[in-house]
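Have a look at run_34.tsv; it's TSV, C-alpha atoms:
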```tsv
chain	number	residue	atom	x	y	z
A	1	MET	CA	85.50	-54.41	-39.14
A	2	ARG	CA	83.98	-57.74	-38.13
A	3	VAL	CA	80.81	-58.65	-40.05
A	4	PHE	CA	78.34	-61.44	-39.29
A	5	GLY	CA	76.74	-62.49	-42.59
A	6	VAL	CA	73.48	-64.38	-42.47
A	7	ASP	CA	71.81	-66.20	-45.35
A	8	PRO	CA	68.39	-66.57	-43.71
A	9	GLY	CA	66.41	-69.79	-43.73
A	10	LEU	CA	64.64	-72.12	-41.35
A	11	THR	CA	65.69	-75.48	-42.76
A	12	ARG	CA	69.23	-74.23	-43.33
A	13	CYS	CA	70.52	-70.83	-42.22
A	14	GLY	CA	74.02	-69.87	-43.30
A	15	PHE	CA	76.22	-68.08	-40.73
A	16	GLY	CA	79.57	-66.56	-41.64
A	17	VAL	CA	81.83	-64.17	-39.75
A	18	VAL	CA	84.51	-62.26	-41.65
A	19	ASP	CA	87.09	-59.68	-40.60
A	20	GLY	CA	88.25	-57.04	-43.03
A	21	GLY	CA	88.16	-53.47	-44.18
A	22	PRO	CA	88.00	-51.56	-47.45
A	23	GLY	CA	91.21	-52.15	-49.35
A	24	ARG	CA	92.34	-54.86	-46.94
A	25	ALA	CA	92.28	-58.66	-47.35
A	26	VAL	CA	89.25	-60.40	-45.88
A	27	LYS	CA	89.76	-63.11	-43.26
A	28	ILE	CA	87.39	-65.86	-42.22
A	29	VAL	CA	86.55	-66.08	-38.53
A	30	ALA	CA	83.80	-68.70	-38.52
A	31	VAL	CA	81.30	-70.39	-40.81
A	32	ASP	CA	78.49	-72.85	-40.22
A	33	VAL	CA	74.98	-73.78	-41.20
A	34	VAL	CA	72.29	-73.82	-38.56
A	35	ARG	CA	69.41	-76.21	-39.13
A	36	THR	CA	66.04	-76.39	-37.41
A	37	SER	CA	63.81	-79.44	-37.50
A	38	VAL	CA	60.88	-79.55	-39.91
A	39	ASP	CA	59.07	-81.56	-37.21
A	40	ASP	CA	58.97	-78.53	-34.92
A	41	GLU	CA	56.38	-75.80	-35.16
A	42	LEU	CA	57.32	-72.56	-36.89
A	43	ALA	CA	57.55	-70.49	-33.69
A	44	ILE	CA	59.79	-73.10	-32.04
A	45	ARG	CA	62.04	-73.20	-35.11
A	46	LEU	CA	62.33	-69.40	-35.06
A	47	MET	CA	63.26	-69.59	-31.38
A	48	HIS	CA	65.97	-72.19	-31.99
A	49	LEU	CA	67.41	-70.02	-34.76
A	50	ALA	CA	67.27	-66.91	-32.55
A	51	ASP	CA	69.05	-68.81	-29.75
A	52	GLU	CA	71.82	-69.80	-32.15
A	53	VAL	CA	72.19	-66.17	-33.30
A	54	GLU	CA	72.62	-65.11	-29.66
A	55	VAL	CA	75.36	-67.74	-29.21
A	56	TRP	CA	77.21	-66.40	-32.26
A	57	LEU	CA	76.79	-62.76	-31.19
A	58	ASP	CA	78.24	-63.66	-27.78
A	59	ARG	CA	81.06	-65.74	-29.21
A	60	TYR	CA	82.23	-63.58	-32.14
A	61	ARG	CA	81.12	-60.05	-31.14
A	62	PRO	CA	80.54	-58.72	-34.68
A	63	GLU	CA	80.23	-54.97	-35.21
A	64	VAL	CA	77.51	-55.28	-37.82
A	65	ILE	CA	75.12	-57.90	-39.21
A	66	ALA	CA	74.53	-58.29	-42.94
A	67	ILE	CA	71.42	-60.22	-43.93
A	68	GLU	CA	70.32	-61.29	-47.39
A	69	ARG	CA	67.28	-59.36	-48.50
A	70	VAL	CA	64.74	-61.78	-49.91
A	71	PHE	CA	62.63	-60.32	-52.67
A	72	SER	CA	60.85	-63.30	-54.09
A	73	GLN	CA	61.18	-67.01	-54.42
A	74	HIS	CA	59.32	-69.56	-56.47
A	75	ASN	CA	57.84	-71.14	-53.36
A	76	VAL	CA	55.85	-68.51	-51.43
A	77	ARG	CA	55.81	-70.64	-48.26
A	78	THR	CA	59.62	-70.88	-48.32
A	79	ALA	CA	59.92	-67.15	-49.03
A	80	MET	CA	57.76	-66.34	-46.00
A	81	ALA	CA	59.76	-68.67	-43.72
A	82	THR	CA	62.97	-67.09	-45.02
A	83	ALA	CA	61.64	-63.60	-44.31
A	84	GLN	CA	60.56	-64.63	-40.81
A	85	ALA	CA	64.00	-66.10	-40.16
A	86	GLY	CA	65.61	-62.87	-41.36
A	87	GLY	CA	63.27	-60.92	-39.09
A	88	VAL	CA	64.32	-62.70	-35.90
A	89	VAL	CA	68.01	-62.36	-36.83
A	90	ALA	CA	67.54	-58.61	-37.39
A	91	LEU	CA	65.69	-58.35	-34.08
A	92	ALA	CA	68.51	-60.06	-32.14
A	93	ALA	CA	71.00	-57.58	-33.61
A	94	ALA	CA	68.77	-54.56	-32.96
A	95	ARG	CA	68.31	-55.62	-29.33
A	96	ARG	CA	72.09	-55.36	-28.91
A	97	GLY	CA	72.25	-52.04	-30.69
A	98	LEU	CA	74.13	-53.52	-33.64
A	99	PRO	CA	73.55	-52.05	-37.09
A	100	VAL	CA	71.75	-54.38	-39.50
A	101	MET	CA	72.22	-54.08	-43.24
A	102	PHE	CA	70.34	-55.92	-45.95
A	103	HIS	CA	71.91	-56.76	-49.28
A	104	THR	CA	70.14	-58.29	-52.26
A	105	PRO	CA	71.47	-61.53	-53.79
A	106	SER	CA	72.54	-59.63	-56.91
A	107	GLU	CA	74.49	-57.07	-54.83
A	108	VAL	CA	76.27	-59.95	-53.10
A	109	LYS	CA	77.03	-61.74	-56.36
A	110	ALA	CA	78.27	-58.53	-57.98
A	111	ALA	CA	80.50	-57.78	-54.99
A	112	VAL	CA	82.34	-61.09	-54.99
A	113	THR	CA	82.24	-62.14	-58.67
A	114	GLY	CA	81.80	-58.88	-60.55
A	115	SER	CA	78.48	-60.04	-61.99
A	116	GLY	CA	75.05	-59.75	-60.38
A	117	ARG	CA	73.91	-62.78	-62.32
A	118	ALA	CA	76.69	-65.18	-61.30
A	119	ASP	CA	75.63	-68.70	-60.32
A	120	LYS	CA	76.10	-70.38	-56.94
A	121	ALA	CA	79.22	-72.28	-58.06
A	122	GLN	CA	80.91	-69.03	-59.10
A	123	VAL	CA	80.05	-67.35	-55.79
A	124	THR	CA	81.40	-70.33	-53.84
A	125	MET	CA	84.58	-70.36	-55.93
A	126	MET	CA	85.23	-66.65	-55.36
A	127	VAL	CA	84.50	-66.86	-51.64
A	128	THR	CA	86.96	-69.77	-51.34
A	129	LYS	CA	89.57	-67.75	-53.25
A	130	LEU	CA	89.03	-64.39	-51.52
A	131	LEU	CA	89.24	-65.96	-48.06
A	132	GLY	CA	92.19	-68.18	-49.02
A	133	LEU	CA	90.38	-71.35	-47.95
A	134	VAL	CA	91.78	-74.79	-48.68
A	135	GLU	CA	88.38	-76.15	-49.59
A	136	ALA	CA	85.05	-74.65	-50.57
A	137	PRO	CA	82.59	-73.93	-47.73
A	138	LYS	CA	79.60	-76.28	-47.95
A	139	PRO	CA	76.65	-76.23	-48.33
A	140	ALA	CA	75.95	-73.21	-50.55
A	141	ASP	CA	74.21	-71.41	-47.65
A	142	ALA	CA	77.53	-71.32	-45.77
A	143	ALA	CA	79.32	-69.83	-48.79
A	144	ASP	CA	76.47	-67.34	-49.26
A	145	ALA	CA	76.76	-66.15	-45.67
A	146	LEU	CA	80.49	-65.51	-46.14
A	147	ALA	CA	79.79	-63.75	-49.45
A	148	LEU	CA	77.28	-61.51	-47.68
A	149	ALA	CA	79.84	-60.54	-45.05
A	150	ILE	CA	82.47	-59.79	-47.72
A	151	CYS	CA	79.91	-57.83	-49.74
A	152	HIS	CA	79.11	-55.75	-46.68
A	153	ILE	CA	82.75	-55.02	-45.91
A	154	TRP	CA	83.33	-53.77	-49.43
A	155	ARG	CA	80.05	-51.92	-49.87
A	156	ALA	CA	79.85	-50.36	-46.40
A	157	PRO	CA	81.95	-47.22	-47.11
A	158	MET	CA	79.85	-46.46	-50.21
A	159	GLN	CA	76.59	-47.14	-48.40
A	160	SER	CA	77.51	-44.91	-45.49
A	161	ARG	CA	78.42	-42.06	-47.88
A	162	MET	CA	75.08	-42.56	-49.65
A	163	ALA	CA	73.16	-42.64	-46.36
A	164	GLN	CA	74.87	-39.39	-45.31
A	165	ALA	CA	73.99	-37.76	-48.63
A	166	GLN	CA	70.37	-38.93	-48.33
A	167	ALA	CA	70.08	-37.68	-44.77
A	168	LYS	CA	71.47	-34.31	-45.88
A	169	ALA	CA	69.03	-34.13	-48.79
A	170	ALA	CA	66.11	-35.02	-46.50
A	171	GLU	CA	67.21	-32.36	-44.01
A	172	MET	CA	67.42	-29.75	-46.78
A	173	ALA	CA	63.97	-30.74	-48.06
A	174	ARG	CA	62.55	-30.42	-44.53
A	175	THR	CA	64.11	-26.99	-44.02
A	176	HIS	CA	62.82	-25.87	-47.39
A	177	LYS	CA	59.30	-27.13	-46.64
A	178	LEU	CA	59.38	-25.41	-43.24
A	179	LYS	CA	60.38	-22.12	-44.87
A	180	LEU	CA	57.60	-22.44	-47.44
A	181	ALA	CA	55.06	-23.21	-44.68
A	182	GLN	CA	56.35	-20.23	-42.66
A	183	ALA	CA	56.09	-17.98	-45.70
A	184	ALA	CA	52.53	-19.19	-46.40
A	185	LYS	CA	51.59	-18.63	-42.76
A	186	ASN	CA	53.02	-15.10	-42.73
A	187	GLY	CA	51.35	-14.43	-46.04
A	188	GLY	CA	48.05	-15.60	-44.57
A	189	ARG	CA	48.42	-13.36	-41.54
A	190	THR	CA	49.10	-10.19	-43.47
A	191	LYS	CA	45.97	-10.64	-45.56
B	1	MET	CA	40.54	-69.32	-23.29
B	2	ARG	CA	42.22	-65.95	-23.87
B	3	VAL	CA	43.59	-65.44	-27.37
B	4	PHE	CA	45.90	-62.68	-28.61
B	5	GLY	CA	45.19	-62.16	-32.31
B	6	VAL	CA	47.82	-60.41	-34.39
B	7	ASP	CA	47.39	-59.07	-37.92
B	8	PRO	CA	51.09	-58.62	-38.66
B	9	GLY	CA	52.53	-55.53	-40.30
B	10	LEU	CA	55.26	-53.00	-39.77
B	11	THR	CA	53.44	-49.81	-40.73
B	12	ARG	CA	50.28	-50.93	-38.92
B	13	CYS	CA	50.07	-54.12	-36.83
B	14	GLY	CA	46.63	-55.07	-35.49
B	15	PHE	CA	46.48	-56.37	-31.90
B	16	GLY	CA	43.29	-57.88	-30.45
B	17	VAL	CA	42.69	-59.88	-27.27
B	18	VAL	CA	39.51	-61.92	-26.96
B	19	ASP	CA	38.15	-64.21	-24.24
B	20	GLY	CA	35.89	-67.13	-25.13
B	21	GLY	CA	35.51	-70.82	-25.64
B	22	PRO	CA	33.79	-73.17	-28.05
B	23	GLY	CA	30.04	-72.69	-27.77
B	24	ARG	CA	30.42	-69.62	-25.56
B	25	ALA	CA	30.04	-65.95	-26.41
B	26	VAL	CA	33.28	-64.15	-27.29
B	27	LYS	CA	34.28	-61.08	-25.25
B	28	ILE	CA	36.67	-58.31	-26.20
B	29	VAL	CA	39.52	-57.62	-23.79
B	30	ALA	CA	41.62	-55.15	-25.76
B	31	VAL	CA	42.22	-53.89	-29.28
B	32	ASP	CA	44.73	-51.51	-30.80
B	33	VAL	CA	46.93	-50.86	-33.77
B	34	VAL	CA	50.65	-50.56	-33.27
B	35	ARG	CA	52.55	-48.42	-35.73
B	36	THR	CA	56.25	-48.16	-36.39
B	37	SER	CA	57.89	-45.26	-38.18
B	38	VAL	CA	58.83	-45.61	-41.84
B	39	ASP	CA	61.77	-43.34	-41.04
B	40	ASP	CA	63.34	-46.02	-38.85
B	41	GLU	CA	65.41	-48.88	-40.18
B	42	LEU	CA	63.77	-52.27	-40.57
B	43	ALA	CA	65.57	-53.88	-37.60
B	44	ILE	CA	64.61	-50.98	-35.33
B	45	ARG	CA	60.98	-51.19	-36.46
B	46	LEU	CA	60.95	-54.93	-35.73
B	47	MET	CA	62.35	-54.19	-32.27
B	48	HIS	CA	59.69	-51.57	-31.52
B	49	LEU	CA	57.00	-54.04	-32.59
B	50	ALA	CA	58.54	-56.82	-30.48
B	51	ASP	CA	58.67	-54.47	-27.47
B	52	GLU	CA	54.97	-53.70	-27.88
B	53	VAL	CA	54.17	-57.43	-28.09
B	54	GLU	CA	56.01	-57.96	-24.79
B	55	VAL	CA	53.95	-55.19	-23.18
B	56	TRP	CA	50.71	-56.84	-24.33
B	57	LEU	CA	51.84	-60.32	-23.24
B	58	ASP	CA	52.65	-58.91	-19.78
B	59	ARG	CA	49.44	-56.93	-19.54
B	60	TYR	CA	46.88	-59.41	-20.89
B	61	ARG	CA	48.52	-62.82	-20.26
B	62	PRO	CA	46.96	-64.63	-23.24
B	63	GLU	CA	47.09	-68.45	-23.35
B	64	VAL	CA	47.72	-68.61	-27.07
B	65	ILE	CA	48.71	-66.32	-29.95
B	66	ALA	CA	46.96	-66.46	-33.31
B	67	ILE	CA	48.82	-64.83	-36.21
B	68	GLU	CA	47.63	-64.27	-39.74
B	69	ARG	CA	49.51	-66.48	-42.16
B	70	VAL	CA	50.59	-64.40	-45.12
B	71	PHE	CA	50.75	-66.32	-48.36
B	72	SER	CA	51.20	-63.62	-50.93
B	73	GLN	CA	50.60	-59.97	-51.48
B	74	HIS	CA	50.77	-57.83	-54.58
B	75	ASN	CA	53.72	-55.93	-53.19
B	76	VAL	CA	56.58	-58.35	-52.48
B	77	ARG	CA	58.38	-55.82	-50.28
B	78	THR	CA	55.28	-55.41	-48.09
B	79	ALA	CA	54.77	-59.19	-47.96
B	80	MET	CA	58.32	-59.66	-46.72
B	81	ALA	CA	57.96	-56.95	-44.05
B	82	THR	CA	54.68	-58.54	-42.97
B	83	ALA	CA	56.32	-61.97	-42.71
B	84	GLN	CA	59.21	-60.50	-40.71
B	85	ALA	CA	56.75	-58.80	-38.35
B	86	GLY	CA	54.88	-62.11	-37.91
B	87	GLY	CA	58.19	-63.83	-37.22
B	88	VAL	CA	59.15	-61.58	-34.32
B	89	VAL	CA	55.65	-61.87	-32.83
B	90	ALA	CA	55.85	-65.68	-33.02
B	91	LEU	CA	59.32	-65.57	-31.45
B	92	ALA	CA	58.10	-63.50	-28.49
B	93	ALA	CA	55.33	-66.04	-27.84
B	94	ALA	CA	57.65	-69.05	-28.22
B	95	ARG	CA	60.12	-67.51	-25.75
B	96	ARG	CA	57.32	-67.54	-23.16
B	97	GLY	CA	56.30	-71.09	-24.03
B	98	LEU	CA	52.99	-69.92	-25.48
B	99	PRO	CA	51.49	-71.88	-28.38
B	100	VAL	CA	51.41	-69.97	-31.67
B	101	MET	CA	48.85	-70.77	-34.32
B	102	PHE	CA	48.70	-69.40	-37.85
B	103	HIS	CA	45.43	-68.95	-39.71
B	104	THR	CA	45.04	-67.92	-43.33
B	105	PRO	CA	42.92	-64.88	-44.21
B	106	SER	CA	40.29	-67.14	-45.80
B	107	GLU	CA	40.06	-69.28	-42.65
B	108	VAL	CA	39.52	-66.14	-40.62
B	109	LYS	CA	36.90	-64.78	-43.02
B	110	ALA	CA	35.09	-68.12	-43.13
B	111	ALA	CA	35.10	-68.35	-39.33
B	112	VAL	CA	33.47	-64.99	-38.71
B	113	THR	CA	31.34	-64.46	-41.84
B	114	GLY	CA	30.71	-67.99	-43.15
B	115	SER	CA	32.50	-67.16	-46.41
B	116	GLY	CA	36.22	-67.40	-47.11
B	117	ARG	CA	35.85	-64.71	-49.74
B	118	ALA	CA	34.11	-62.07	-47.61
B	119	ASP	CA	35.37	-58.50	-47.95
B	120	LYS	CA	36.91	-56.34	-45.22
B	121	ALA	CA	33.65	-54.48	-44.51
B	122	GLN	CA	31.83	-57.76	-43.90
B	123	VAL	CA	34.54	-59.01	-41.54
B	124	THR	CA	34.45	-55.73	-39.60
B	125	MET	CA	30.65	-55.86	-39.39
B	126	MET	CA	30.62	-59.42	-38.04
B	127	VAL	CA	33.42	-58.73	-35.54
B	128	THR	CA	31.48	-55.72	-34.25
B	129	LYS	CA	28.33	-57.85	-33.95
B	130	LEU	CA	29.93	-60.97	-32.43
B	131	LEU	CA	31.74	-58.94	-29.77
B	132	GLY	CA	28.69	-56.73	-29.11
B	133	LEU	CA	30.65	-53.55	-29.76
B	134	VAL	CA	28.94	-50.16	-29.96
B	135	GLU	CA	31.09	-49.11	-32.88
B	136	ALA	CA	33.25	-50.87	-35.44
B	137	PRO	CA	36.93	-51.27	-34.52
B	138	LYS	CA	39.11	-49.12	-36.78
B	139	PRO	CA	41.26	-49.36	-38.80
B	140	ALA	CA	40.64	-52.68	-40.59
B	141	ASP	CA	43.85	-54.12	-39.05
B	142	ALA	CA	42.28	-53.82	-35.58
B	143	ALA	CA	39.12	-55.65	-36.71
B	144	ASP	CA	41.26	-58.29	-38.44
B	145	ALA	CA	43.21	-58.96	-35.25
B	146	LEU	CA	39.95	-59.49	-33.33
B	147	ALA	CA	38.62	-61.72	-36.15
B	148	LEU	CA	41.81	-63.80	-35.90
B	149	ALA	CA	41.34	-64.29	-32.17
B	150	ILE	CA	37.67	-65.29	-32.65
B	151	CYS	CA	38.65	-67.62	-35.50
B	152	HIS	CA	41.18	-69.29	-33.25
B	153	ILE	CA	38.73	-69.74	-30.38
B	154	TRP	CA	36.27	-71.44	-32.69
B	155	ARG	CA	38.74	-73.47	-34.72
B	156	ALA	CA	41.02	-74.55	-31.84
B	157	PRO	CA	39.05	-77.66	-30.74
B	158	MET	CA	38.94	-78.93	-34.32
B	159	GLN	CA	42.62	-78.13	-34.93
B	160	SER	CA	43.71	-79.90	-31.75
B	161	ARG	CA	41.71	-83.00	-32.74
B	162	MET	CA	43.33	-82.90	-36.18
B	163	ALA	CA	46.82	-82.46	-34.72
B	164	GLN	CA	46.23	-85.45	-32.43
B	165	ALA	CA	45.04	-87.56	-35.36
B	166	GLN	CA	48.07	-86.48	-37.44
B	167	ALA	CA	50.48	-87.26	-34.60
B	168	LYS	CA	48.88	-90.69	-34.19
B	169	ALA	CA	49.12	-91.38	-37.93
B	170	ALA	CA	52.78	-90.28	-37.98
B	171	GLU	CA	53.53	-92.51	-34.97
B	172	MET	CA	51.86	-95.48	-36.69
B	173	ALA	CA	53.82	-94.81	-39.88
B	174	ARG	CA	57.06	-94.68	-37.89
B	175	THR	CA	56.30	-97.96	-36.10
B	176	HIS	CA	55.40	-99.58	-39.40
B	177	LYS	CA	58.63	-98.36	-41.04
B	178	LEU	CA	60.66	-99.58	-38.07
B	179	LYS	CA	59.07	-103.03	-38.30
B	180	LEU	CA	59.79	-103.16	-42.03
B	181	ALA	CA	63.42	-102.13	-41.46
B	182	GLN	CA	63.75	-104.72	-38.70
B	183	ALA	CA	62.27	-107.40	-40.96
B	184	ALA	CA	64.64	-106.44	-43.79
B	185	LYS	CA	67.61	-106.54	-41.38
B	186	ASN	CA	66.66	-109.96	-40.05
B	187	GLY	CA	66.08	-111.16	-43.59
B	188	GLY	CA	69.55	-109.87	-44.55
B	189	ARG	CA	71.21	-111.63	-41.61
B	190	THR	CA	69.73	-115.04	-42.31
B	191	LYS	CA	70.96	-114.98	-45.89
```
In structure tokens, how does this file's structure come out?
Amino acid sequence: MRVFGVDPGLTRCGFGVVDGGPGRAVKIVAVDVVRTSVDDELAIRLMHLADEVEVWLDRYRPEVIAIERVFSQHNVRTAMATAQAGGVVALAAARRGLPVMFHTPSEVKAAVTGSGRADKAQVTMMVTKLLGLVEAPKPADAADALALAICHIWRAPMQSRMAQAQAKAAEMARTHKLKLAQAAKNGGRTK
Amino acid sequence: MRVFGVDPGLTRCGFGVVDGGPGRAVKIVAVDVVRTSVDDELAIRLMHLADEVEVWLDRYRPEVIAIERVFSQHNVRTAMATAQAGGVVALAAARRGLPVMFHTPSEVKAAVTGSGRADKAQVTMMVTKLLGLVEAPKPADAADALALAICHIWRAPMQSRMAQAQAKAAEMARTHKLKLAQAAKNGGRTK
């Protein structure tokens, strides 16, 4: 499985492509940080980022995109820009029919370090180790993107089992509701 | 000037197109609320929204897009989805070379009601009145989208004057800095 991990951002957006599978070693394919100019307007910056995503999708042909799910940040303006960046990345993937998965920072940290509260240095160290890199990917956004891809590779089998279980439960609930409604309707008619 | 106002959201996204100019009456062209299914994944919902934006851009050919700038919401998850929705709308406009402007809710309220702290009912009432509508646009997201477009029409001349002034000030600052650097360099050489 080839995963394109994206640590969304407008000033710096981390891109990392990793090959791997459950129980197999992970292998780095590409890593970089895409920057857009603070002098440009928001919409233009989003477009530049989206263009870069298209280039990477063309070049590396990932099977799935894993994006960091932003919950909150101290700076609301930054959080919004980050969410908007994540949105255009998700859109580019959806337009190509690629599955998009979101993982929270703590899921990513837990996946690569064993602790959901690990710091950036620890994440970078583990990413460097797991991918067998000679030096640490810099800046942190680049390491985070690789961590996201690794996290997805390792979590994917569990997530897909959970999604199947949820879909089954929802289907059962629907069938049950339908039967109840049918029973109520029949009951109503016989009155 | 034809403005496409967008009150971003994934569950309900308000779309409103308004014609007008500074000092002229505003005229409604179209209004609607686009919904995406909560059963779909986020990326798919963003794609459906983006598709709908494309349809409206083709159909109504606005000259500018005005989007509500989301600063914070009680529910962080909703705020993020709203920001992501706004991001894909801005991207669609940028791809067509259309200018995208963001206005805060209080700017919009102040523009149509005179008060930045007006409530939703007041905004809806004023939008109905200003556009000479027989009945109030529903739901509130539809009225908000129209209010955004009106706000933009009225604020645009002021904003463009401010942007020009800012660009001029930045240019002057750059020239000044360059001269200082040049002076320092020359000073360094003669030492």
Kindly provide, as lines of an AutoDock Vina configuration file, the centre and edge lengths (Å, one decimal) of an axis-aligned box around all atoms of stretch 125-140 of chain A given in the file, with 5 Å on each side.
```
center_x = 84.1
center_y = -70.3
center_z = -51.8
size_x = 26.2
size_y = 21.9
size_z = 18.2
```
Calculated over all atoms listed in the file, which of the candidates B:Glu68, B:Glu41, B:Asp32, B:Asp119 has the smallest distance to chain A?
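Among B:Glu68, B:Glu41, B:Asp32, B:Asp119, it is B:Glu41 that comes nearest to chain A.
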Residue among B:Gly132, B:Gly97, B:Gly87, B:Gly16 lying closest to chain A, counting all atoms listed in the file
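Going through B:Gly132, B:Gly97, B:Gly87, B:Gly16 one by one, the smallest distance to chain A is for B:Gly87.
Among the candidates B:Thr82, B:Gln164, B:Gln182, B:Ser115, the one nearest to chain A when counting only C-alpha atoms is B:Thr82.
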What residues in chain B have any atom no more than 6 Å from chain A when counting all atoms listed in the file, and can you write them as a list in words?
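Residues passing the distance filter: Ala43, Ile44, Met47, Met80, Ala83, Gln84, Gly87, Val88, Ala90, Leu91 and Ala94 of chain B.
With distances restricted to all atoms listed in the file, A:Val18 is the closest residue to A:Val64 from A:Ala140, A:Val108, A:Val29, A:Val18.
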Pick out the residues sitting within 7 Å of B:Phe15, and hand them over as a PyMOL selection string; count all atoms listed in the file, and ignore anything fewer than 2 positions along from it in its own chain.
chain B and resi 5-7+13+17+31-33+142+145
Tell me, as number ranges by chain, which residues lie within 12 Å of A:Gly114, counting only C-alpha atoms; anything in the same chain fewer than 6 positions away does not count.
A: 106-108, 122-123, 126, 151
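The residue that comes closest to B:Ala147, out of B:Val3, B:Val112, B:Ala121, B:Ala167 and on the basis of only C-alpha atoms, is B:Val112.
For the pair atom CA of A:Pro22 and atom CA of A:Leu131, the interatomic distance is 14.5 Å.
Proximity of A:Met1, A:Val55, A:Val26, A:Ala143 to A:Leu130, computed with only C-alpha atoms, is greatest for A:Val26.
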Measure the distance from atom CA of B:Pro8 to atom CA of B:Leu146 in Å and round it to one decimal.
12.4 Å
Just the number, please: distance in Å from atom CA of B:Arg59 to atom CA of B:Lys120, one decimal.
28.6 Å
What's the 7 Å shell around B:Arg35, counting all atoms listed in the file, without same-chain residues fewer than 5 positions away, as a PDB file with C-alpha atoms, in the coordinates of the input?
```
ATOM      1  CA  LEU B  10      55.260 -53.000 -39.770  1.00  0.00           C
ATOM      2  CA  THR B  11      53.440 -49.810 -40.730  1.00  0.00           C
ATOM      3  CA  ARG B  12      50.280 -50.930 -38.920  1.00  0.00           C
ATOM      4  CA  CYS B  13      50.070 -54.120 -36.830  1.00  0.00           C
TER       5      CYS B  13
END
```
Mind writing stretch 113-126 of chain B to a file for me, with C-alpha atoms, as a PDB file, in the first residue's frame?
```pdb
ATOM      1  CA  THR B 113     -28.549  46.168   9.761  1.00  0.00           C
ATOM      2  CA  GLY B 114     -26.213  48.930  10.975  1.00  0.00           C
ATOM      3  CA  SER B 115     -25.201  46.834  13.993  1.00  0.00           C
ATOM      4  CA  GLY B 116     -22.442  44.231  14.146  1.00  0.00           C
ATOM      5  CA  ARG B 117     -24.322  42.486  16.931  1.00  0.00           C
ATOM      6  CA  ALA B 118     -27.692  42.116  15.193  1.00  0.00           C
ATOM      7  CA  ASP B 119     -29.409  38.741  15.528  1.00  0.00           C
ATOM      8  CA  LYS B 120     -30.323  36.338  12.712  1.00  0.00           C
ATOM      9  CA  ALA B 121     -33.955  37.510  12.553  1.00  0.00           C
ATOM     10  CA  GLN B 122     -32.851  41.107  12.052  1.00  0.00           C
ATOM     11  CA  VAL B 123     -30.430  40.142   9.279  1.00  0.00           C
ATOM     12  CA  THR B 124     -33.139  38.117   7.527  1.00  0.00           C
ATOM     13  CA  MET B 125     -35.620  40.992   7.842  1.00  0.00           C
ATOM     14  CA  MET B 126     -33.206  43.529   6.348  1.00  0.00           C
TER      15      MET B 126
END
```
